[in-house]
file final.cif (mmCIF, C-alpha atoms and all ligand atoms)
data_run
loop_
_atom_site.label_atom_id
_atom_site.label_comp_id
_atom_site.auth_asym_id
_atom_site.auth_seq_id
_atom_site.Cartn_x
_atom_site.Cartn_y
_atom_site.Cartn_z
CA MET A 1 0.00 0.00 0.00
CA ASN A 2 1.49 3.36 -0.82
CA PRO A 3 1.15 6.26 1.66
CA ALA A 4 -1.67 7.87 -0.30
CA GLN A 5 -3.75 4.70 0.14
CA SER A 6 -3.10 4.48 3.86
CA PRO A 7 -6.23 4.01 6.00
CA HIS A 8 -4.55 6.28 8.52
CA GLY A 9 -4.50 9.41 6.49
CA ALA A 10 -3.35 10.39 3.02
CA LEU A 11 -0.92 13.03 4.19
CA SER A 12 1.24 15.25 2.11
CA THR A 13 4.95 14.56 2.41
CA THR A 14 7.63 17.17 2.71
CA GLY A 15 10.07 15.85 0.18
CA ARG A 16 11.46 13.10 2.41
CA SER A 17 11.91 9.58 1.11
CA PRO A 18 8.38 8.30 0.46
CA ASP A 19 9.20 4.94 2.07
CA VAL A 20 9.80 6.60 5.47
CA LEU A 21 6.70 5.91 7.56
CA LEU A 22 7.72 7.34 10.90
CA GLU A 23 10.44 9.76 11.80
CA GLY A 24 11.37 11.10 15.21
CA ARG A 25 13.74 14.04 15.46
CA ASN A 26 15.47 15.00 18.65
CA LEU A 27 12.84 13.18 20.69
CA SER A 28 13.08 13.49 24.46
CA ARG A 29 10.79 12.38 27.22
CA VAL A 30 11.41 13.71 30.71
CA PHE A 31 9.62 12.41 33.81
CA GLY A 32 9.39 14.22 37.10
CA ARG A 33 8.62 12.56 40.38
CA LYS A 34 5.08 13.37 41.44
CA THR A 35 4.94 15.80 44.40
CA ASP A 36 2.00 16.17 46.80
CA LEU A 37 0.56 19.55 47.80
CA VAL A 38 2.74 19.85 50.91
CA ALA A 39 5.92 19.16 48.93
CA GLN A 40 4.82 21.69 46.29
CA ALA A 41 4.28 24.35 48.99
CA LEU A 42 7.70 23.61 50.53
CA ILE A 43 9.38 23.87 47.11
CA LYS A 44 7.59 27.17 46.45
CA ALA A 45 8.74 28.54 49.80
CA GLY A 46 12.32 27.52 49.00
CA LEU A 47 12.31 25.02 51.87
CA ALA A 48 12.70 21.95 49.68
CA GLN A 49 14.48 21.09 46.44
CA PRO A 50 12.36 20.55 43.32
CA PRO A 51 12.22 16.84 42.40
CA LYS A 52 14.91 15.54 40.08
CA MET A 53 13.86 15.09 36.51
CA LEU A 54 14.57 11.83 34.73
CA ARG A 55 15.41 11.99 31.05
CA ALA A 56 14.11 8.57 29.98
CA VAL A 57 14.60 9.37 26.28
CA ASP A 58 17.32 11.84 25.44
CA ARG A 59 17.37 13.55 22.02
CA VAL A 60 16.74 10.47 19.91
CA ASP A 61 16.56 10.56 16.11
CA LEU A 62 14.74 7.61 14.64
CA THR A 63 13.53 6.64 11.19
CA ILE A 64 11.31 3.66 10.43
CA LYS A 65 10.76 2.72 6.81
CA LYS A 66 7.69 1.00 5.48
CA GLY A 67 7.93 -2.77 5.83
CA GLU A 68 11.05 -2.72 8.02
CA VAL A 69 11.60 -4.60 11.25
CA VAL A 70 13.63 -2.36 13.54
CA GLY A 71 15.04 -3.97 16.68
CA LEU A 72 15.45 -1.76 19.76
CA VAL A 73 17.81 -3.14 22.37
CA GLY A 74 19.32 -2.05 25.68
CA GLU A 75 19.40 -2.86 29.37
CA SER A 76 16.42 -2.47 31.64
CA GLY A 77 15.53 1.17 32.30
CA CYS A 78 17.37 2.57 29.25
CA GLY A 79 14.14 4.03 27.83
CA LYS A 80 13.01 1.46 25.25
CA SER A 81 9.38 1.30 26.37
CA THR A 82 9.21 5.06 26.79
CA LEU A 83 10.47 5.56 23.24
CA GLY A 84 8.00 2.91 22.02
CA ARG A 85 5.13 4.69 23.79
CA VAL A 86 6.15 8.03 22.26
CA ILE A 87 6.26 6.43 18.80
CA ALA A 88 2.84 4.84 19.38
CA GLY A 89 1.37 8.20 20.45
CA ILE A 90 0.51 6.89 23.93
CA ILE A 91 2.59 9.63 25.53
CA ASP A 92 3.82 12.88 24.04
CA PRO A 93 7.49 13.69 23.72
CA THR A 94 8.64 16.50 26.02
CA GLU A 95 10.83 17.80 23.21
CA GLY A 96 11.34 16.97 19.57
CA GLU A 97 9.22 16.30 16.55
CA LEU A 98 7.43 13.25 15.27
CA PHE A 99 6.58 12.88 11.58
CA TRP A 100 4.12 10.42 10.04
CA GLN A 101 4.76 9.96 6.33
CA GLY A 102 6.67 13.23 6.34
CA CYS A 103 3.96 15.21 8.10
CA ASP A 104 4.62 16.87 11.47
CA ILE A 105 2.08 15.32 13.83
CA ARG A 106 1.71 18.58 15.77
CA SER A 107 0.37 20.30 12.66
CA LEU A 108 -2.57 17.88 12.38
CA SER A 109 -6.11 18.14 13.65
CA SER A 110 -7.06 15.95 16.60
CA ALA A 111 -9.12 13.73 14.25
CA GLU A 112 -6.08 13.19 12.01
CA ARG A 113 -3.90 12.47 15.03
CA ARG A 114 -6.39 9.89 16.22
CA GLN A 115 -6.22 8.13 12.85
CA ILE A 116 -2.43 8.03 12.99
CA LYS A 117 -2.52 6.75 16.55
CA LEU A 118 -4.65 3.84 15.37
CA GLY A 119 -2.07 3.18 12.67
CA VAL A 120 0.63 2.46 15.28
CA GLN A 121 -0.47 -0.25 17.70
CA MET A 122 1.48 -1.52 20.68
CA ILE A 123 1.69 -5.19 21.71
CA PHE A 124 2.76 -5.51 25.34
CA GLN A 125 4.61 -8.15 27.33
CA ASN A 126 1.63 -8.94 29.52
CA PRO A 127 -1.56 -8.69 27.47
CA PHE A 128 -3.59 -10.02 30.40
CA ALA A 129 -3.07 -6.75 32.28
CA SER A 130 -4.82 -4.84 29.49
CA LEU A 131 -7.62 -7.36 28.84
CA ASN A 132 -10.85 -6.53 30.61
CA PRO A 133 -11.75 -9.70 32.58
CA ARG A 134 -15.48 -9.00 32.15
CA MET A 135 -15.34 -8.77 28.36
CA THR A 136 -15.60 -11.73 26.01
CA ILE A 137 -12.86 -12.13 23.41
CA GLU A 138 -15.35 -11.01 20.76
CA ASP A 139 -15.93 -7.74 22.62
CA VAL A 140 -12.21 -7.24 23.27
CA VAL A 141 -11.38 -7.63 19.57
CA GLY A 142 -14.49 -5.77 18.36
CA GLU A 143 -14.45 -2.80 20.74
CA ALA A 144 -11.98 -0.50 18.99
CA PRO A 145 -13.14 -1.18 15.40
CA ARG A 146 -16.72 -0.45 16.51
CA ILE A 147 -15.77 2.79 18.27
CA HIS A 148 -13.67 3.98 15.35
CA GLY A 149 -16.18 3.04 12.68
CA PHE A 150 -14.34 0.16 11.00
CA ILE A 151 -17.44 -1.99 11.61
CA GLN A 152 -21.09 -1.61 12.63
CA ARG A 153 -22.23 -2.19 16.23
CA SER A 154 -23.73 -5.54 15.15
CA GLY A 155 -24.56 -7.56 12.06
CA LYS A 156 -23.13 -10.34 9.96
CA SER A 157 -20.31 -8.30 8.44
CA SER A 158 -19.11 -7.22 11.92
CA VAL A 159 -19.08 -10.82 13.12
CA GLU A 160 -17.15 -11.85 10.02
CA TYR A 161 -14.68 -9.00 10.55
CA ILE A 162 -13.96 -10.08 14.14
CA ASP A 163 -13.64 -13.73 13.08
CA GLU A 164 -11.14 -12.69 10.41
CA GLN A 165 -8.96 -10.82 12.94
CA MET A 166 -9.02 -13.83 15.26
CA ARG A 167 -8.08 -16.21 12.44
CA ARG A 168 -5.25 -13.89 11.37
CA ALA A 169 -3.89 -14.00 14.92
CA GLY A 170 -4.16 -17.81 14.93
CA LEU A 171 -7.20 -18.03 17.24
CA PRO A 172 -10.18 -20.19 16.32
CA PRO A 173 -13.28 -17.91 16.16
CA ALA A 174 -15.02 -20.58 18.30
CA LEU A 175 -13.17 -19.04 21.28
CA LYS A 176 -14.87 -15.67 20.89
CA SER A 177 -17.46 -16.17 23.63
CA ARG A 178 -14.73 -17.04 26.17
CA TYR A 179 -13.01 -14.71 28.63
CA ALA A 180 -9.27 -13.97 28.73
CA HIS A 181 -8.73 -15.84 32.01
CA GLU A 182 -9.98 -19.04 30.36
CA LEU A 183 -7.17 -18.99 27.80
CA SER A 184 -3.44 -19.82 27.88
CA GLY A 185 -0.62 -17.23 27.86
CA GLY A 186 0.02 -17.74 24.15
CA GLN A 187 -3.69 -17.43 23.32
CA ARG A 188 -3.94 -14.22 25.37
CA GLN A 189 -1.04 -12.76 23.44
CA ARG A 190 -2.88 -13.71 20.24
CA ILE A 191 -5.95 -11.82 21.53
CA GLY A 192 -3.72 -8.76 22.00
CA ILE A 193 -2.53 -9.18 18.42
CA ALA A 194 -6.08 -9.67 17.04
CA ARG A 195 -7.21 -6.57 18.94
CA ALA A 196 -4.36 -4.56 17.40
CA LEU A 197 -5.00 -5.92 13.88
CA ALA A 198 -8.68 -5.00 14.16
CA VAL A 199 -7.89 -1.30 13.64
CA GLN A 200 -5.78 -2.04 10.54
CA PRO A 201 -2.44 -0.74 11.84
CA GLU A 202 0.58 -0.13 9.65
CA VAL A 203 3.11 -0.35 12.48
CA LEU A 204 3.26 -2.75 15.41
CA VAL A 205 5.41 -1.68 18.36
CA CYS A 206 6.14 -4.98 20.09
CA ASP A 207 7.39 -4.28 23.60
CA GLU A 208 8.96 -7.49 24.96
CA SER A 209 5.89 -9.13 23.42
CA VAL A 210 7.16 -12.68 23.76
CA ALA A 211 9.34 -12.28 26.86
CA SER A 212 6.92 -13.90 29.29
CA LEU A 213 6.02 -16.88 27.07
CA ASP A 214 7.50 -20.38 27.00
CA VAL A 215 10.23 -20.79 24.38
CA SER A 216 8.09 -22.93 22.03
CA ILE A 217 5.20 -20.44 22.23
CA GLN A 218 7.66 -17.56 21.70
CA ALA A 219 8.69 -19.15 18.39
CA GLN A 220 5.03 -19.49 17.32
CA ILE A 221 4.28 -15.84 18.09
CA ILE A 222 7.43 -14.65 16.32
CA ASN A 223 6.45 -16.73 13.28
CA LEU A 224 3.00 -15.16 13.44
CA PHE A 225 4.53 -11.66 13.47
CA MET A 226 6.64 -12.52 10.44
CA ASP A 227 3.67 -14.06 8.58
CA LEU A 228 1.60 -10.93 9.29
CA ARG A 229 4.46 -8.82 8.01
CA GLN A 230 4.16 -10.56 4.66
CA GLU A 231 0.39 -10.75 4.56
CA LEU A 232 -0.40 -7.20 5.70
CA GLN A 233 2.87 -5.42 4.78
CA LEU A 234 3.31 -4.51 8.45
CA THR A 235 6.22 -2.53 9.83
CA TYR A 236 7.65 -3.38 13.26
CA LEU A 237 9.52 -1.69 16.08
CA PHE A 238 10.61 -4.73 18.03
CA ILE A 239 11.73 -3.94 21.58
CA SER A 240 13.65 -6.72 23.31
CA HIS A 241 16.37 -7.57 25.80
CA ASP A 242 17.08 -10.64 23.73
CA LEU A 243 19.78 -9.85 21.17
CA SER A 244 19.59 -13.32 19.59
CA LEU A 245 15.89 -12.82 18.93
CA VAL A 246 16.50 -9.36 17.51
CA GLU A 247 19.27 -10.75 15.28
CA HIS A 248 16.88 -13.37 13.98
CA ILE A 249 14.04 -11.06 12.93
CA SER A 250 15.32 -7.49 12.45
CA ASP A 251 16.47 -5.63 9.37
CA ARG A 252 18.07 -2.87 11.41
CA VAL A 253 19.08 -2.60 15.05
CA ILE A 254 19.16 0.39 17.38
CA ILE A 255 21.12 0.15 20.65
CA MET A 256 20.12 2.44 23.53
CA TYR A 257 22.02 3.27 26.69
CA LEU A 258 20.54 5.46 29.45
CA GLY A 259 18.10 7.25 27.17
CA ARG A 260 20.43 7.76 24.21
CA VAL A 261 20.93 5.88 20.97
CA VAL A 262 24.58 4.80 20.95
CA GLU A 263 24.67 2.71 17.78
CA GLU A 264 22.47 1.87 14.82
CA ALA A 265 23.13 -0.31 11.79
CA PRO A 266 21.67 -3.00 9.52
CA VAL A 267 21.45 -6.26 11.43
CA GLU A 268 24.28 -8.15 9.67
CA GLU A 269 26.57 -5.14 10.03
CA ILE A 270 25.97 -4.60 13.74
CA PHE A 271 26.51 -8.27 14.55
CA SER A 272 29.59 -8.67 12.34
CA HIS A 273 31.18 -5.23 12.91
CA PRO A 274 29.88 -3.76 16.17
CA ASN A 275 31.53 -0.41 16.78
CA HIS A 276 30.38 0.91 20.16
CA PRO A 277 32.00 -0.61 23.26
CA TYR A 278 28.52 -1.02 24.80
CA THR A 279 27.25 -2.99 21.80
CA ARG A 280 30.38 -5.12 21.94
CA ALA A 281 29.78 -5.82 25.61
CA LEU A 282 26.15 -6.80 24.92
CA LEU A 283 27.28 -9.13 22.14
CA ALA A 284 29.79 -10.74 24.48
CA GLU A 285 26.86 -11.89 26.58
CA ILE A 286 25.18 -13.91 23.82
CA PRO A 287 26.15 -17.56 23.93
CA ARG A 288 27.39 -18.54 20.46
CA LEU A 289 27.34 -22.10 19.23
CA GLU A 290 29.94 -21.51 16.56
CA THR A 291 32.63 -20.28 18.91
CA THR A 292 33.88 -21.24 22.32
CA LYS A 293 35.85 -18.03 22.69
CA ARG A 294 34.19 -14.68 23.36
CA ARG A 295 35.21 -11.95 20.97
CA PHE A 296 34.57 -9.09 23.38
CA THR A 297 34.63 -8.32 27.09
CA ALA A 298 31.27 -8.67 28.83
CA LEU A 299 29.63 -5.76 30.65
CA LYS A 300 31.15 -4.81 33.95
CA GLY A 301 29.66 -2.75 36.77
CA GLU A 302 26.12 -1.73 37.56
CA LEU A 303 23.93 0.36 35.29
CA PRO A 304 24.06 3.89 36.76
CA SER A 305 20.81 5.48 37.95
CA PRO A 306 18.92 7.18 35.11
CA MET A 307 18.16 9.92 37.68
CA SER A 308 21.80 11.02 37.63
CA PRO A 309 23.54 9.58 34.58
CA PRO A 310 27.32 10.01 34.36
CA PRO A 311 28.44 13.16 32.49
CA GLY A 312 29.97 13.05 29.02
CA CYS A 313 29.54 9.59 27.57
CA HIS A 314 27.05 7.91 29.92
CA PHE A 315 28.88 4.63 29.39
CA HIS A 316 32.31 5.85 30.57
CA PRO A 317 32.31 4.31 34.11
CA ARG A 318 31.81 0.85 32.56
CA CYS A 319 33.83 1.29 29.37
CA PRO A 320 37.18 -0.52 29.14
CA HIS A 321 38.38 2.10 26.61
CA ALA A 322 37.31 5.29 28.41
CA PHE A 323 39.72 8.22 28.35
CA GLU A 324 39.60 11.76 29.73
CA ARG A 325 37.42 13.30 27.02
CA CYS A 326 34.74 10.63 27.62
CA LYS A 327 34.00 12.08 31.08
CA LEU A 328 33.55 15.60 29.75
CA GLU A 329 31.99 15.49 26.32
CA THR A 330 28.93 13.69 24.97
CA PRO A 331 29.86 11.74 21.83
CA GLN A 332 27.58 12.35 18.85
CA LEU A 333 26.36 9.69 16.44
CA LYS A 334 28.65 9.59 13.40
CA GLU A 335 28.75 7.37 10.37
CA VAL A 336 31.40 4.67 10.71
CA ALA A 337 30.32 2.66 7.66
CA PRO A 338 27.45 3.01 5.15
CA ASN A 339 24.16 3.21 7.11
CA HIS A 340 26.06 2.49 10.33
CA VAL A 341 26.31 5.18 13.03
CA SER A 342 27.94 5.03 16.43
CA ALA A 343 28.50 7.54 19.24
CA CYS A 344 32.01 6.98 20.56
CA HIS A 345 34.96 9.38 20.81
CA LEU A 346 37.33 6.63 19.71
CA ASN A 347 35.97 7.06 16.18
CA ASP A 348 37.04 10.73 16.19
CA ALA A 349 40.43 9.92 17.52
CA GLY A 350 40.75 7.51 14.61
CA GLN A 351 41.87 4.93 17.12
CA GLY A 352 39.20 2.27 16.55
CA ILE A 353 39.02 -0.46 19.12
N1 LIG B 1 5.62 7.25 33.98
C1 LIG B 1 6.84 7.33 34.47
N2 LIG B 1 7.14 8.18 35.48
C2 LIG B 1 8.39 8.28 35.97
N3 LIG B 1 9.45 7.57 35.49
C3 LIG B 1 9.21 6.71 34.49
C4 LIG B 1 7.90 6.54 33.92
N4 LIG B 1 7.99 5.61 32.94
C5 LIG B 1 9.28 5.22 32.89
N5 LIG B 1 10.01 5.87 33.82
C6 LIG B 1 11.46 5.74 34.06
O1 LIG B 1 12.11 5.98 32.82
C7 LIG B 1 13.24 5.12 32.67
C8 LIG B 1 13.08 4.35 31.39
O2 LIG B 1 12.00 3.44 31.56
P1 LIG B 1 11.52 2.44 30.43
O3 LIG B 1 10.39 1.67 30.97
O4 LIG B 1 11.31 3.21 29.18
O5 LIG B 1 12.81 1.52 30.25
P2 LIG B 1 12.96 0.14 29.48
O6 LIG B 1 14.22 0.24 28.68
O7 LIG B 1 11.71 -0.17 28.75
O8 LIG B 1 13.17 -0.89 30.66
P3 LIG B 1 12.72 -2.43 30.74
O9 LIG B 1 13.68 -3.17 29.85
O10 LIG B 1 12.92 -2.77 32.17
O11 LIG B 1 11.31 -2.53 30.28
C9 LIG B 1 13.28 4.25 33.93
O12 LIG B 1 14.19 4.80 34.84
C10 LIG B 1 11.86 4.32 34.45
O13 LIG B 1 11.83 4.17 35.85
S1 LIG B 2 33.07 7.63 24.17
FE1 LIG B 2 34.64 6.86 25.56
S2 LIG B 2 33.55 5.97 27.28
FE2 LIG B 2 32.10 6.24 25.63
S3 LIG B 2 32.07 4.31 24.60
FE3 LIG B 2 33.57 5.56 23.53
S4 LIG B 2 35.54 5.12 24.52
FE4 LIG B 2 33.94 4.31 25.85
MG MG B 3 10.33 -1.70 28.88
#

call {"tool": "encode", "arguments": {"input": "final.cif", "output": "structure tokens", "more": "lines below"}}
Ligand SMILES: Nc1ncnc2c1ncn2[C@@H]1O[C@H](COP(=O)(O)OP(=O)(O)OP(=O)(O)O)[C@@H](O)[C@H]1O
Ligand code: SF4
Ligand SMILES: [Mg+2]
result
Amino acid sequence: MNPAQSPHGALSTTGRSPDVLLEGRNLSRVFGRKTDLVAQALIKAGLAQPPKMLRAVDRVDLTIKKGEVVGLVGESGCGKSTLGRVIAGIIDPTEGELFWQGCDIRSLSSAERRQIKLGVQMIFQNPFASLNPRMTIEDVVGEAPRIHGFIQRSGKSSVEYIDEQMRRAGLPPALKSRYAHELSGGQRQRIGIARALAVQPEVLVCDESVASLDVSIQAQIINLFMDLRQELQLTYLFISHDLSLVEHISDRVIIMYLGRVVEEAPVEEIFSHPNHPYTRALLAEIPRLETTKRRFTALKGELPSPMSPPPGCHFHPRCPHAFERCKLETPQLKEVAPNHVSACHLNDAGQGI
């Protein structure tokens, strides 16, 4: 489907590559700790410090092309889910711009924004938490398409539509009168997928979507995602801790560390020629069948608190190659090979690793 045929808005582009579906520029998301009324009064009177702000996503540039599978990897707390939620329109960025098919989302009417939001659906790790226990599967899958006018409130065509979404997600329509608690973990995840498909998304943001499933069920759900990619020309942002999984399914991989993107490259490139010391350390932790010897040194030290990340390169306290400049200056992403960027001062120094 070309952008002009998109069910989520035929938007004019601004001269960017027409195959770019989503683009984030300089995206940041800052969280503050909630303060009660007493704390607010004390802060106002100068008797208490304002709460520290946490920069969960820090000036991230991101481009997702139509049909791509982009893997997003990093340790717990580095901002993957927050970035995913910004991309899916669940939360707004504090700074930065988000473009859908070249169109700045802020310039759109609320109706247009709603359409785009439907076009980017999120699949969570624990679908059970978001499934209403009092709703049948039919109602869960049919709710959003009814509200947003994809189907009528009732009637044969609506029933057929819901059955089709269930079949696509690998669920027999015979289960539609059941409740989520009556189904297995894998089936619940399939309900989450059917519910997302029911609003005809173009992008699925999968946030650790298979992490809580048994290994054999994980493989089935991953295969389902890949089949849907072919069948519906879906685009994926695939968030995962599991680098081997990301290697298996992604076209391109983005590595995050404490809110920042530190490296990005096509999948074969990042696994064969990782540049950033953090990426190398992550790769050192994957068990490899083909080699008994690790190529890189595994991660050392604790992940610093995102509340007070180290200055300069956030990775410097754990980096085996850190030098003086790393403590003072934030490295910028620079191209180290075609379509391969990395943020490490060693690249400037021409030292390589
Ligand atoms: N609503 C919120 N309010 C305050 N802080 C938040 C909020 N959501 C996330 N954070 C903080 O932002 C940082 C990034 O969180 P996020 O959930 O995006 O990380 P993550 O990479 O997805 O981690 P994980 O792999 O554990 O899911 C964390 O320090 C987290 O505590
Ligand atoms: S900039 Fe310095 S501390 Fe950061 S990854 Fe590169 S060498 Fe290590
Ligand atoms: Mg997360």

call {"tool": "atom_distance", "arguments": {"input": "final.cif", "atom1": "atom CA of A:Glu324", "atom2": "atom FE4 of ligand LIG 2 (chain B)"}}
result
10.1 Å

call {"tool": "residues_around", "arguments": {"input": "final.cif", "residues": "A:Gln233", "least_positions_apart": "5", "cutoff": "12 Å", "atoms": "only C-alpha atoms", "output": "list in words"}}
result
Met1, Asn2, Ser6, Lys65, Lys66, Gly67, Glu68, Val69, Gln200, Pro201, Glu202, Val203, Leu204, Phe225, Met226, Asp227 and Leu228 of chain A

call {"tool": "write_last_selection", "arguments": {"input": "final.cif", "atoms": "C-alpha atoms", "output": "CSV table (one decimal), keeping the file's coordinate frame"}}
result
chain,number,residue,atom,x,y,z
A,1,MET,CA,0.0,0.0,0.0
A,2,ASN,CA,1.5,3.4,-0.8
A,6,SER,CA,-3.1,4.5,3.9
A,65,LYS,CA,10.8,2.7,6.8
A,66,LYS,CA,7.7,1.0,5.5
A,67,GLY,CA,7.9,-2.8,5.8
A,68,GLU,CA,11.0,-2.7,8.0
A,69,VAL,CA,11.6,-4.6,11.2
A,200,GLN,CA,-5.8,-2.0,10.5
A,201,PRO,CA,-2.4,-0.7,11.8
A,202,GLU,CA,0.6,-0.1,9.6
A,203,VAL,CA,3.1,-0.4,12.5
A,204,LEU,CA,3.3,-2.8,15.4
A,225,PHE,CA,4.5,-11.7,13.5
A,226,MET,CA,6.6,-12.5,10.4
A,227,ASP,CA,3.7,-14.1,8.6
A,228,LEU,CA,1.6,-10.9,9.3

call {"tool": "residues_near_ligand", "arguments": {"input": "final.cif", "ligand": "ligand MG 3 (chain B)", "cutoff": "9 Å", "atoms": "all atoms listed in the file", "output": "list in words"}}
result
Ser76, Gly77, Cys78, Gly79, Lys80, Ser81, Thr82, Gly84, Gln125, Asp207, Glu208, Ile239, Ser240 and His241 of chain A

call {"tool": "closest_residue", "arguments": {"input": "final.cif", "among": "A:Glu264, A:Glu112, A:Glu285, A:Glu269", "to": "A:Asp242", "atoms": "only C-alpha atoms"}}
result
A:Glu285

call {"tool": "closest_atom_pairs", "arguments": {"input": "final.cif", "of": "chain A", "to": "ligand LIG 2 (chain B)", "cutoff": "12 Å", "atoms": "all atoms listed in the file", "output": "CSV"}}
result
residue,atom,partner,partner_atom,distance
A:Tyr257,CA,B:LIG2,S3,10.3
A:Arg260,CA,B:LIG2,FE2,11.9
A:Val261,CA,B:LIG2,S3,11.8
A:Val262,CA,B:LIG2,S3,8.3
A:Glu263,CA,B:LIG2,S3,10.2
A:Pro274,CA,B:LIG2,S3,11.9
A:Asn275,CA,B:LIG2,S3,9.1
A:His276,CA,B:LIG2,S3,5.8
A:Pro277,CA,B:LIG2,S3,5.1
A:Tyr278,CA,B:LIG2,S3,6.4
A:Thr279,CA,B:LIG2,S3,9.2
A:Arg280,CA,B:LIG2,S3,9.9
A:Ala281,CA,B:LIG2,S3,10.4
A:Leu299,CA,B:LIG2,FE4,12.0
A:Pro310,CA,B:LIG2,S2,10.3
A:Pro311,CA,B:LIG2,S2,10.2
A:Gly312,CA,B:LIG2,FE2,7.9
A:Cys313,CA,B:LIG2,FE2,4.6
A:His314,CA,B:LIG2,FE2,6.8
A:Phe315,CA,B:LIG2,FE2,5.2
A:His316,CA,B:LIG2,S2,3.5
A:Pro317,CA,B:LIG2,S2,7.1
A:Arg318,CA,B:LIG2,S2,7.6
A:Cys319,CA,B:LIG2,FE4,4.6
A:Pro320,CA,B:LIG2,FE4,6.7
A:His321,CA,B:LIG2,S4,4.6
A:Ala322,CA,B:LIG2,S2,4.0
A:Phe323,CA,B:LIG2,FE1,6.0
A:Glu324,CA,B:LIG2,FE1,8.1
A:Arg325,CA,B:LIG2,FE1,7.2
A:Cys326,CA,B:LIG2,FE1,4.3
A:Lys327,CA,B:LIG2,S2,7.2
A:Leu328,CA,B:LIG2,S1,9.7
A:Glu329,CA,B:LIG2,S1,8.2
A:Thr330,CA,B:LIG2,S1,7.4
A:Pro331,CA,B:LIG2,S1,5.7
A:Gln332,CA,B:LIG2,S1,9.0
A:Leu333,CA,B:LIG2,S1,10.4
A:Lys334,CA,B:LIG2,S1,11.8
A:Ser342,CA,B:LIG2,FE3,9.1
A:Ala343,CA,B:LIG2,S1,6.7
A:Cys344,CA,B:LIG2,FE3,3.6
A:His345,CA,B:LIG2,S1,4.2
A:Leu346,CA,B:LIG2,S4,5.3
A:Asn347,CA,B:LIG2,FE3,7.9
A:Asp348,CA,B:LIG2,S1,9.4
A:Ala349,CA,B:LIG2,S4,9.8
A:Gly350,CA,B:LIG2,S4,11.4
A:Gln351,CA,B:LIG2,S4,9.7
A:Gly352,CA,B:LIG2,S4,9.2
A:Ile353,CA,B:LIG2,S4,8.5

call {"tool": "decode", "arguments": {"input": "final.cif", "residues": "stretch 140-153 of chain A", "atoms": "N, CA and C atoms", "output": "CSV table (one decimal), in the first residue's frame"}}
result
chain,number,residue,atom,x,y,z
A,140,VAL,N,-13.6,-7.8,23.2
A,140,VAL,CA,-12.2,-7.2,23.3
A,140,VAL,C,-11.7,-6.9,21.9
A,141,VAL,N,-11.9,-7.8,20.9
A,141,VAL,CA,-11.4,-7.6,19.6
A,141,VAL,C,-12.3,-6.6,18.8
A,142,GLY,N,-13.6,-6.6,19.1
A,142,GLY,CA,-14.5,-5.8,18.4
A,142,GLY,C,-14.6,-4.3,18.9
A,143,GLU,N,-14.2,-4.1,20.1
A,143,GLU,CA,-14.4,-2.8,20.7
A,143,GLU,C,-13.9,-1.6,19.9
A,144,ALA,N,-12.6,-1.6,19.7
A,144,ALA,CA,-12.0,-0.5,19.0
A,144,ALA,C,-12.5,-0.3,17.6
A,145,PRO,N,-12.6,-1.4,16.8
A,145,PRO,CA,-13.1,-1.2,15.4
A,145,PRO,C,-14.6,-0.7,15.4
A,146,ARG,N,-15.3,-1.0,16.4
A,146,ARG,CA,-16.7,-0.4,16.5
A,146,ARG,C,-16.7,1.0,16.8
A,147,ILE,N,-15.9,1.4,17.9
A,147,ILE,CA,-15.8,2.8,18.3
A,147,ILE,C,-15.3,3.7,17.1
A,148,HIS,N,-14.3,3.1,16.4
A,148,HIS,CA,-13.7,4.0,15.3
A,148,HIS,C,-14.3,3.8,14.0
A,149,GLY,N,-15.4,3.1,13.9
A,149,GLY,CA,-16.2,3.0,12.7
A,149,GLY,C,-15.7,2.1,11.6
A,150,PHE,N,-14.8,1.2,12.0
A,150,PHE,CA,-14.3,0.2,11.0
A,150,PHE,C,-15.5,-0.8,10.7
A,151,ILE,N,-16.3,-1.1,11.8
A,151,ILE,CA,-17.4,-2.0,11.6
A,151,ILE,C,-18.7,-1.4,12.3
A,152,GLN,N,-19.8,-2.0,12.0
A,152,GLN,CA,-21.1,-1.6,12.6
A,152,GLN,C,-21.1,-2.2,14.0
A,153,ARG,N,-22.1,-1.7,14.9
A,153,ARG,CA,-22.2,-2.2,16.2
A,153,ARG,C,-22.6,-3.7,16.2
